[in-house]
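For reference, upload-v4.tsv (TSV, C-alpha atoms):
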```tsv
chain	number	residue	atom	x	y	z
V	918	MET	CA	-25.15	-13.24	-11.03
V	919	THR	CA	-23.50	-11.89	-7.88
V	920	THR	CA	-19.72	-11.48	-7.94
V	921	LYS	CA	-18.23	-12.67	-4.67
V	922	THR	CA	-15.04	-10.90	-3.60
V	923	ALA	CA	-12.80	-12.20	-0.82
V	924	VAL	CA	-10.78	-9.45	0.89
V	925	LEU	CA	-7.96	-11.41	2.52
V	926	TRP	CA	-6.16	-10.02	5.58
V	927	ASP	CA	-3.83	-11.16	8.32
V	928	SER	CA	-3.97	-10.35	12.06
V	929	GLU	CA	-6.27	-7.40	11.37
V	930	VAL	CA	-9.19	-9.88	11.30
V	931	ASN	CA	-10.42	-11.87	14.31
V	932	TRP	CA	-13.08	-14.62	14.13
V	933	GLU	CA	-13.91	-14.32	17.83
V	934	GLY	CA	-15.50	-10.88	17.53
V	935	GLU	CA	-18.93	-9.91	16.24
V	936	GLU	CA	-17.27	-7.73	13.60
V	937	PRO	CA	-14.30	-8.77	11.45
V	938	PHE	CA	-11.68	-6.14	12.27
V	939	VAL	CA	-9.82	-5.64	15.51
V	940	ASP	CA	-9.57	-1.94	14.63
V	941	GLU	CA	-13.12	-0.61	14.84
V	942	THR	CA	-12.46	2.10	12.24
V	943	PHE	CA	-11.81	-0.59	9.63
V	944	ASN	CA	-15.27	-2.06	10.21
V	945	SER	CA	-17.06	1.16	9.23
V	946	SER	CA	-14.88	1.57	6.13
V	947	TYR	CA	-15.58	-1.97	4.94
V	948	GLU	CA	-19.27	-1.66	5.71
V	949	TYR	CA	-19.26	1.13	3.16
V	950	PHE	CA	-17.08	-0.97	0.80
V	951	SER	CA	-19.61	-3.81	1.04
V	952	GLU	CA	-22.56	-1.52	0.35
V	953	SER	CA	-20.74	-0.02	-2.63
V	954	ALA	CA	-20.00	-3.48	-4.07
V	955	GLU	CA	-23.64	-4.51	-3.59
V	956	LYS	CA	-24.77	-1.59	-5.77
V	957	GLU	CA	-22.50	-2.95	-8.52
V	958	GLY	CA	-23.82	-6.51	-8.21
V	959	GLY	CA	-21.19	-7.84	-5.83
V	960	GLU	CA	-20.81	-9.23	-2.34
V	961	VAL	CA	-17.74	-8.77	-0.12
V	962	TYR	CA	-16.35	-11.40	2.27
V	963	ILE	CA	-13.75	-10.41	4.87
V	964	ALA	CA	-11.38	-13.18	5.94
V	965	LYS	CA	-7.86	-14.11	6.96
V	966	TYR	CA	-5.66	-15.52	4.21
V	967	SER	CA	-5.27	-18.67	6.33
V	968	TRP	CA	-9.00	-19.35	5.92
V	969	TRP	CA	-8.54	-19.90	2.17
V	970	SER	CA	-8.66	-23.40	0.70
V	971	SER	CA	-9.91	-23.14	-2.92
V	972	GLY	CA	-12.62	-20.94	-1.43
V	973	LEU	CA	-13.26	-19.59	2.04
V	974	GLU	CA	-13.68	-21.98	4.94
V	975	LYS	CA	-15.19	-19.08	6.91
V	976	ALA	CA	-15.65	-15.32	6.54
V	977	PHE	CA	-17.57	-12.23	7.60
V	978	VAL	CA	-20.12	-10.67	5.26
V	979	TYR	CA	-22.05	-7.42	5.74
V	980	ARG	CA	-25.76	-7.87	5.02
V	981	ASN	CA	-28.90	-5.94	5.96
V	982	GLY	CA	-27.03	-3.50	8.17
V	983	GLY	CA	-24.97	-5.99	10.15
V	984	TRP	CA	-21.99	-8.36	10.05
V	985	ARG	CA	-22.68	-12.10	9.76
V	986	LYS	CA	-20.43	-15.13	9.98
V	987	VAL	CA	-20.65	-17.60	7.11
V	988	LYS	CA	-18.79	-20.76	6.11
V	989	ASP	CA	-17.81	-22.59	2.91
V	990	VAL	CA	-18.06	-19.73	0.42
V	991	GLU	CA	-17.13	-20.03	-3.26
V	992	ILE	CA	-15.28	-16.91	-4.43
V	993	ASP	CA	-14.92	-15.20	-7.83
V	994	VAL	CA	-12.12	-12.69	-7.18
V	995	VAL	CA	-9.59	-11.97	-4.43
V	996	PHE	CA	-8.52	-8.58	-3.10
V	997	ASP	CA	-5.10	-9.27	-1.51
V	998	LYS	CA	-4.50	-7.23	1.65
V	999	TYR	CA	-2.29	-9.65	3.61
V	1000	ARG	CA	1.43	-9.59	4.17
V	1001	PHE	CA	4.15	-10.48	1.67
V	1002	ASP	CA	6.83	-12.77	3.11
V	1003	GLU	CA	8.29	-16.26	2.79
V	1004	GLU	CA	5.28	-17.80	4.53
V	1005	THR	CA	2.68	-16.29	2.20
V	1006	VAL	CA	4.44	-16.34	-1.19
V	1007	LYS	CA	3.37	-19.90	-2.03
V	1008	LEU	CA	-0.31	-19.09	-1.44
V	1009	LYS	CA	-0.11	-15.86	-3.44
V	1010	LYS	CA	1.31	-17.70	-6.45
V	1011	GLN	CA	-1.26	-20.48	-6.14
V	1012	LEU	CA	-4.18	-18.05	-5.82
V	1013	GLU	CA	-3.22	-16.36	-9.06
V	1014	LYS	CA	-3.47	-19.69	-10.87
V	1015	GLU	CA	-6.97	-20.33	-9.49
V	1016	ILE	CA	-8.71	-16.96	-9.55
V	1017	PRO	CA	-8.33	-13.26	-10.52
V	1018	VAL	CA	-6.33	-11.39	-7.88
V	1019	LEU	CA	-5.89	-7.69	-7.22
V	1020	ASN	CA	-2.90	-7.18	-7.17
V	1021	PRO	CA	-0.94	-9.84	-9.13
V	1022	PHE	CA	2.05	-11.40	-7.37
V	1023	ASP	CA	4.76	-9.90	-9.61
V	1024	LEU	CA	3.37	-6.39	-9.18
V	1025	GLU	CA	3.31	-6.81	-5.42
V	1026	LYS	CA	6.87	-8.11	-5.44
V	1027	LEU	CA	8.11	-5.04	-7.31
V	1028	CYS	CA	6.35	-2.79	-4.77
V	1029	LYS	CA	7.54	-4.68	-1.70
V	1030	ASP	CA	11.15	-5.21	-2.79
V	1031	LYS	CA	12.71	-1.78	-2.30
V	1032	LEU	CA	15.90	-2.79	-4.11
V	1033	LEU	CA	13.88	-3.95	-7.12
V	1034	THR	CA	11.94	-0.68	-7.00
V	1035	TYR	CA	15.22	1.26	-7.21
V	1036	GLU	CA	16.58	-0.92	-10.00
V	1037	SER	CA	13.34	-0.43	-11.96
V	1038	PHE	CA	13.26	3.37	-11.50
V	1039	PRO	CA	16.85	4.50	-10.77
V	1040	ASP	CA	16.20	8.06	-12.00
V	1041	TYR	CA	13.36	8.59	-9.53
V	1042	VAL	CA	14.45	6.65	-6.42
V	1043	ALA	CA	17.43	7.72	-4.31
V	1044	GLU	CA	20.52	5.49	-4.63
V	1045	THR	CA	19.79	2.15	-2.92
V	1046	TYR	CA	22.04	-0.87	-2.32
V	1047	GLU	CA	22.30	-3.94	-0.16
V	1048	ALA	CA	23.85	-2.70	3.07
V	1049	ASP	CA	27.40	-3.69	3.89
V	1050	GLU	CA	30.30	-1.66	5.23
V	1051	SER	CA	31.42	-0.62	1.76
V	1052	SER	CA	28.02	0.48	0.43
V	1053	VAL	CA	27.12	2.31	3.65
V	1054	GLU	CA	30.46	4.13	3.61
V	1055	GLY	CA	29.92	5.07	-0.03
V	1056	ILE	CA	26.51	6.62	0.69
V	1057	LEU	CA	27.80	8.42	3.79
V	1058	GLU	CA	30.46	10.13	1.67
V	1059	LYS	CA	27.53	11.97	-0.02
V	1060	GLY	CA	25.67	12.85	3.19
V	1061	LYS	CA	23.35	11.01	5.55
V	1062	ALA	CA	22.27	7.42	4.91
V	1063	VAL	CA	18.97	5.64	5.49
V	1064	LEU	CA	18.96	2.02	6.64
V	1065	LYS	CA	15.72	0.18	5.93
V	1066	PRO	CA	14.43	-3.39	5.62
V	1067	ARG	CA	14.31	-4.61	2.04
V	1068	TYR	CA	10.72	-5.89	2.23
V	1069	ASP	CA	8.99	-4.22	5.19
V	1070	PHE	CA	6.60	-1.28	4.98
V	1071	GLY	CA	5.00	1.51	6.98
V	1072	GLY	CA	8.35	2.91	8.10
V	1073	LYS	CA	9.19	-0.14	10.20
V	1074	GLY	CA	12.89	-0.53	10.98
V	1075	VAL	CA	13.93	2.70	9.23
V	1076	GLU	CA	16.97	4.46	10.68
V	1077	VAL	CA	18.89	7.56	9.55
V	1078	ILE	CA	22.61	7.59	10.27
V	1079	ASP	CA	25.44	10.06	9.60
V	1080	SER	CA	28.43	7.95	10.65
V	1081	LEU	CA	29.72	4.45	9.98
V	1082	LYS	CA	30.00	3.90	13.72
V	1083	ASP	CA	26.17	4.00	13.85
V	1084	TYR	CA	25.93	1.09	11.40
V	1085	ASP	CA	25.17	-2.40	12.74
V	1086	PHE	CA	25.17	-5.12	10.08
V	1087	GLU	CA	21.89	-7.06	9.69
V	1088	GLU	CA	20.70	-9.41	6.97
V	1089	GLY	CA	18.02	-8.08	4.62
V	1090	VAL	CA	18.81	-4.40	5.20
V	1091	LEU	CA	19.32	-1.80	2.47
V	1092	VAL	CA	21.18	1.49	2.54
V	1093	GLN	CA	19.73	4.47	0.69
V	1094	LYS	CA	20.88	8.03	0.13
V	1095	PHE	CA	19.00	10.34	2.49
V	1096	VAL	CA	16.63	12.85	0.89
V	1097	ASP	CA	15.93	15.78	3.18
V	1098	SER	CA	12.17	16.44	3.13
V	1099	THR	CA	12.15	18.90	6.03
V	1100	HIS	CA	11.73	21.87	3.67
V	1101	GLY	CA	8.19	20.71	2.82
V	1102	ILE	CA	6.43	21.48	-0.46
V	1103	PRO	CA	6.11	25.28	-0.63
V	1104	SER	CA	3.94	25.23	-3.77
V	1105	LEU	CA	1.34	23.19	-1.84
V	1106	GLY	CA	1.71	25.10	1.39
V	1107	VAL	CA	3.23	22.04	3.10
V	1108	LYS	CA	5.76	22.75	5.82
V	1109	GLY	CA	8.21	20.21	7.19
V	1110	VAL	CA	8.57	16.45	6.83
V	1111	HIS	CA	5.98	14.90	4.54
V	1112	ASP	CA	5.14	12.46	1.83
V	1113	LEU	CA	2.67	12.87	-1.02
V	1114	ARG	CA	0.75	9.70	-1.86
V	1115	VAL	CA	-0.90	9.24	-5.26
V	1116	ILE	CA	-3.21	6.24	-5.63
V	1117	VAL	CA	-3.39	4.84	-9.16
V	1118	MET	CA	-5.82	2.37	-10.75
V	1119	ASP	CA	-4.96	0.96	-14.19
V	1120	GLY	CA	-2.92	4.04	-15.05
V	1121	GLU	CA	-5.40	6.61	-13.74
V	1122	PRO	CA	-4.52	8.70	-10.67
V	1123	LEU	CA	-7.61	8.61	-8.46
V	1124	VAL	CA	-6.68	10.51	-5.32
V	1125	SER	CA	-3.68	12.21	-3.72
V	1126	TYR	CA	-2.96	13.31	-0.20
V	1127	ILE	CA	-0.22	14.60	2.05
V	1128	ARG	CA	0.84	12.57	5.08
V	1129	GLN	CA	2.89	14.15	7.84
V	1130	PRO	CA	4.32	12.62	11.03
V	1131	GLU	CA	3.38	13.65	14.52
V	1132	SER	CA	7.14	13.72	15.14
V	1133	GLY	CA	10.26	12.33	13.49
V	1134	LEU	CA	10.47	11.30	9.84
V	1135	ILE	CA	7.85	8.53	9.41
V	1136	SER	CA	4.55	9.74	7.96
V	1137	ASN	CA	2.53	6.55	8.50
V	1138	VAL	CA	-1.02	7.31	9.73
V	1139	HIS	CA	-1.09	4.22	11.98
V	1140	ARG	CA	1.92	5.70	13.79
V	1141	GLY	CA	0.23	8.99	14.60
V	1142	GLY	CA	0.65	10.78	11.29
V	1143	SER	CA	-1.95	13.05	9.70
V	1144	MET	CA	-3.40	13.09	6.18
V	1145	LYS	CA	-4.80	15.90	4.08
V	1146	ASN	CA	-6.35	15.64	0.64
V	1147	VAL	CA	-4.63	17.40	-2.27
V	1148	GLU	CA	-6.80	17.94	-5.33
V	1149	LEU	CA	-5.20	16.22	-8.31
V	1150	GLU	CA	-5.09	19.40	-10.37
V	1151	LYS	CA	-2.86	20.98	-7.71
V	1152	VAL	CA	-0.26	18.19	-7.74
V	1153	PRO	CA	3.00	19.30	-9.43
V	1154	ALA	CA	3.23	18.24	-13.07
V	1155	GLU	CA	6.58	16.47	-12.48
V	1156	VAL	CA	4.81	14.03	-10.19
V	1157	PHE	CA	2.39	12.98	-12.91
V	1158	ASP	CA	5.26	12.56	-15.38
V	1159	MET	CA	6.77	10.09	-12.91
V	1160	VAL	CA	3.42	8.39	-12.28
V	1161	GLU	CA	3.00	7.90	-16.04
V	1162	GLU	CA	6.44	6.34	-16.42
V	1163	VAL	CA	5.93	4.01	-13.45
V	1164	ASP	CA	2.58	2.86	-14.80
V	1165	GLU	CA	4.02	2.22	-18.25
V	1166	HIS	CA	6.33	-0.25	-16.50
V	1167	LEU	CA	3.35	-1.86	-14.75
V	1168	GLU	CA	0.74	-1.79	-17.52
V	1169	ARG	CA	1.40	-5.43	-18.40
V	1170	TYR	CA	-0.71	-6.12	-15.30
V	1171	SER	CA	-4.15	-5.31	-16.66
V	1172	ASP	CA	-5.68	-5.12	-13.17
V	1173	ARG	CA	-3.70	-2.94	-10.76
V	1174	LEU	CA	-4.38	-0.70	-7.79
V	1175	TYR	CA	-1.33	0.74	-6.09
V	1176	SER	CA	0.12	3.94	-4.70
V	1177	ILE	CA	3.33	5.91	-5.16
V	1178	ASP	CA	4.73	7.89	-2.23
V	1179	PHE	CA	6.81	10.96	-3.08
V	1180	ILE	CA	8.99	13.22	-0.97
V	1181	PHE	CA	10.37	16.58	-2.08
V	1182	ASP	CA	13.93	17.76	-1.48
V	1183	GLU	CA	15.17	21.28	-0.70
V	1184	ASN	CA	14.83	22.21	-4.40
V	1185	GLU	CA	11.23	20.92	-4.45
V	1186	THR	CA	12.30	18.04	-6.67
V	1187	PRO	CA	10.09	14.95	-6.15
V	1188	TRP	CA	11.62	11.55	-5.38
V	1189	ILE	CA	9.82	8.23	-5.12
V	1190	LEU	CA	9.97	7.06	-1.54
V	1191	GLU	CA	8.24	3.74	-2.19
V	1192	LEU	CA	5.51	1.93	-4.08
V	1193	ASN	CA	2.66	0.30	-2.17
V	1194	SER	CA	0.56	-2.53	-3.57
V	1195	LYS	CA	-1.92	-2.20	-0.68
V	1196	PRO	CA	-2.85	1.46	-0.31
V	1197	GLY	CA	-5.29	1.97	2.52
V	1198	LEU	CA	-8.97	2.42	1.69
V	1199	GLY	CA	-10.01	3.10	5.28
V	1200	PHE	CA	-11.27	6.52	6.33
V	1201	TYR	CA	-10.77	6.03	10.09
V	1202	SER	CA	-14.37	7.03	10.98
V	1203	ASP	CA	-13.40	10.58	9.98
V	1204	ASP	CA	-16.06	12.38	7.92
V	1205	ARG	CA	-13.49	14.72	6.41
V	1206	ILE	CA	-11.34	11.83	5.15
V	1207	ALA	CA	-14.43	9.84	4.13
V	1208	SER	CA	-15.53	12.65	1.79
V	1209	TRP	CA	-12.53	12.04	-0.49
V	1210	LYS	CA	-11.84	8.36	0.26
V	1211	LYS	CA	-15.37	7.08	-0.51
V	1212	PRO	CA	-15.08	7.75	-4.28
V	1213	LEU	CA	-11.85	5.71	-4.23
V	1214	ILE	CA	-13.64	2.87	-2.41
V	1215	ASP	CA	-16.44	3.03	-4.99
V	1216	ARG	CA	-13.95	2.64	-7.83
V	1217	ALA	CA	-12.17	-0.26	-6.11
V	1218	ALA	CA	-15.46	-2.05	-5.41
V	1219	LYS	CA	-16.59	-1.62	-9.02
V	1220	LYS	CA	-13.21	-2.83	-10.30
V	1221	LEU	CA	-13.37	-6.04	-8.26
V	1222	VAL	CA	-16.94	-6.79	-9.43
V	1223	GLN	CA	-15.81	-6.33	-13.03
V	1224	MET	CA	-12.83	-8.64	-12.50
V	1225	GLY	CA	-15.11	-11.42	-11.27
```
Written form, structure tokens:
Amino acid sequence: MTTKTAVLWDSEVNWEGEEPFVDETFNSSYEYFSESAEKEGGEVYIAKYSWWSSGLEKAFVYRNGGWRKVKDVEIDVVFDKYRFDEETVKLKKQLEKEIPVLNPFDLEKLCKDKLLTYESFPDYVAETYEADESSVEGILEKGKAVLKPRYDFGGKGVEVIDSLKDYDFEEGVLVQKFVDSTHGIPSLGVKGVHDLRVIVMDGEPLVSYIRQPESGLISNVHRGGSMKNVELEKVPAEVFDMVEEVDEHLERYSDRLYSIDFIFDENETPWILELNSKPGLGFYSDDRIASWKKPLIDRAAKKLVQMG
């Protein structure tokens, strides 16, 4: 029996095109994902979350070397890749009642809510509070402060300040102690601003890589950053100690695929920057990245088939 997986997205997918993704590089990555799932006895359907109604009203599927549009598809498992906000929360909770979902709602909430992440791992995340004049002033007494949205991701809305006069009050903003990552990671030969991402499936680290910004402090690849694979055996042992402790907190979710982003301070001490319940599987049509991302895609595809 074929396991049918719905990979649910947001604005990344467009029904009007001949291929599902607006970003062409996503299409090639999910062609490979579909072929990998097929080898495991599965079939992958790409759709927007808004096309879900106890099944998919419409979707794209990759068959016989090309994308096809199909309608009214019954689904066995959902791979959640769409946004987390007030509009989508109701559907996420309902989906979990109907069908296996990677990742479960509560796991995603812990990853998306940066204040909850800090409260769950206060030894590994820099001091973080709801931003008001008092909390911002308190952080600034210790150095620079980072203002960031509580729920957003990808470095959106992040601002570093060194004075209270630079602070403008906004709802839903957190203040965090600034960790200076400009010294790089000397033991890995990394110079300058960075983050180290470790992708974890059910407690097992699968891949790690360094991301660095083109300029500034935000290392997101979609904003011009670069990525370079780091072999797991070269990752500092302290990082894996932290990964193990984080996963012990999350192991109540039997099916989980997430990433942990680390930055290193001037003493080469790792700090958790954030957790991500939707680590990217795309390899951006780059053969170098594909060589170490494809095994990750294979594991994810196999996992989803098993869940169904």
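Among the candidates V:Thr1099, V:Ser970, V:Ser1171, V:Ser1208, the one nearest to Asn1184 in chain V when counting only C-alpha atoms is V:Thr1099.
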**d(CA of Leu1032 in chain V, CA of Lys1065 in chain V) in Å** =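 Taking CA of Leu1032 in chain V as the start and CA of Lys1065 in chain V as the end point, the length is 10.5 Å.
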Excluding Met1159 in chain V and its own-chain neighbours fewer than 3 positions away, which residues fall within 9 Å of it when counting all atoms listed in the file? Please give them as a PDB file with C-alpha atoms, in the frame of the given file.
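File produced: result05.pdb:
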```pdb
ATOM      1  CA  TYR V1041      13.360   8.590  -9.530  1.00  0.00           C
ATOM      2  CA  ALA V1154       3.230  18.240 -13.070  1.00  0.00           C
ATOM      3  CA  GLU V1155       6.580  16.470 -12.480  1.00  0.00           C
ATOM      4  CA  VAL V1156       4.810  14.030 -10.190  1.00  0.00           C
ATOM      5  CA  GLU V1162       6.440   6.340 -16.420  1.00  0.00           C
ATOM      6  CA  VAL V1163       5.930   4.010 -13.450  1.00  0.00           C
ATOM      7  CA  ASP V1164       2.580   2.860 -14.800  1.00  0.00           C
ATOM      8  CA  PRO V1187      10.090  14.950  -6.150  1.00  0.00           C
ATOM      9  CA  ILE V1189       9.820   8.230  -5.120  1.00  0.00           C
TER      10      ILE V1189
END
```
Could you pull the residues within 6 Å of range 1081-1092 of chain V, counting all atoms listed in the file, minus those fewer than 3 positions along the same chain, as an mmCIF file with C-alpha atoms, in the coordinates of the input?
```
data_model
loop_
_atom_site.group_PDB
_atom_site.id
_atom_site.type_symbol
_atom_site.label_atom_id
_atom_site.label_comp_id
_atom_site.auth_asym_id
_atom_site.auth_seq_id
_atom_site.Cartn_x
_atom_site.Cartn_y
_atom_site.Cartn_z
ATOM 1 C CA THR V 1045 19.790 2.150 -2.920
ATOM 2 C CA TYR V 1046 22.040 -0.870 -2.320
ATOM 3 C CA GLU V 1047 22.300 -3.940 -0.160
ATOM 4 C CA ALA V 1048 23.850 -2.700 3.070
ATOM 5 C CA VAL V 1063 18.970 5.640 5.490
ATOM 6 C CA LEU V 1064 18.960 2.020 6.640
ATOM 7 C CA LYS V 1065 15.720 0.180 5.930
ATOM 8 C CA PRO V 1066 14.430 -3.390 5.620
ATOM 9 C CA ARG V 1067 14.310 -4.610 2.040
#
```
**Item:** Selection near Glu1025 in chain V, 6 Å with all atoms listed in the file, sequence-local residues under 3 positions removed, as number ranges by chain
**Value:** V: 1022, 1028, 1194
**Closest of V:Gly1060, V:Trp969, V:Ile1180, V:Ser945 to Val1042 in chain V - atom-to-atom distances counting all atoms listed in the file** =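 Checking each of V:Gly1060, V:Trp969, V:Ile1180, V:Ser945 against Val1042 in chain V, counting all atoms listed in the file, the winner is V:Ile1180.
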**Prompt:** So, counting all atoms listed in the file, which residue among V:Gly1106, V:Phe977, V:Ser971, V:Glu1168 is closest to Gln1011 in chain V?
**Reply:** V:Ser971
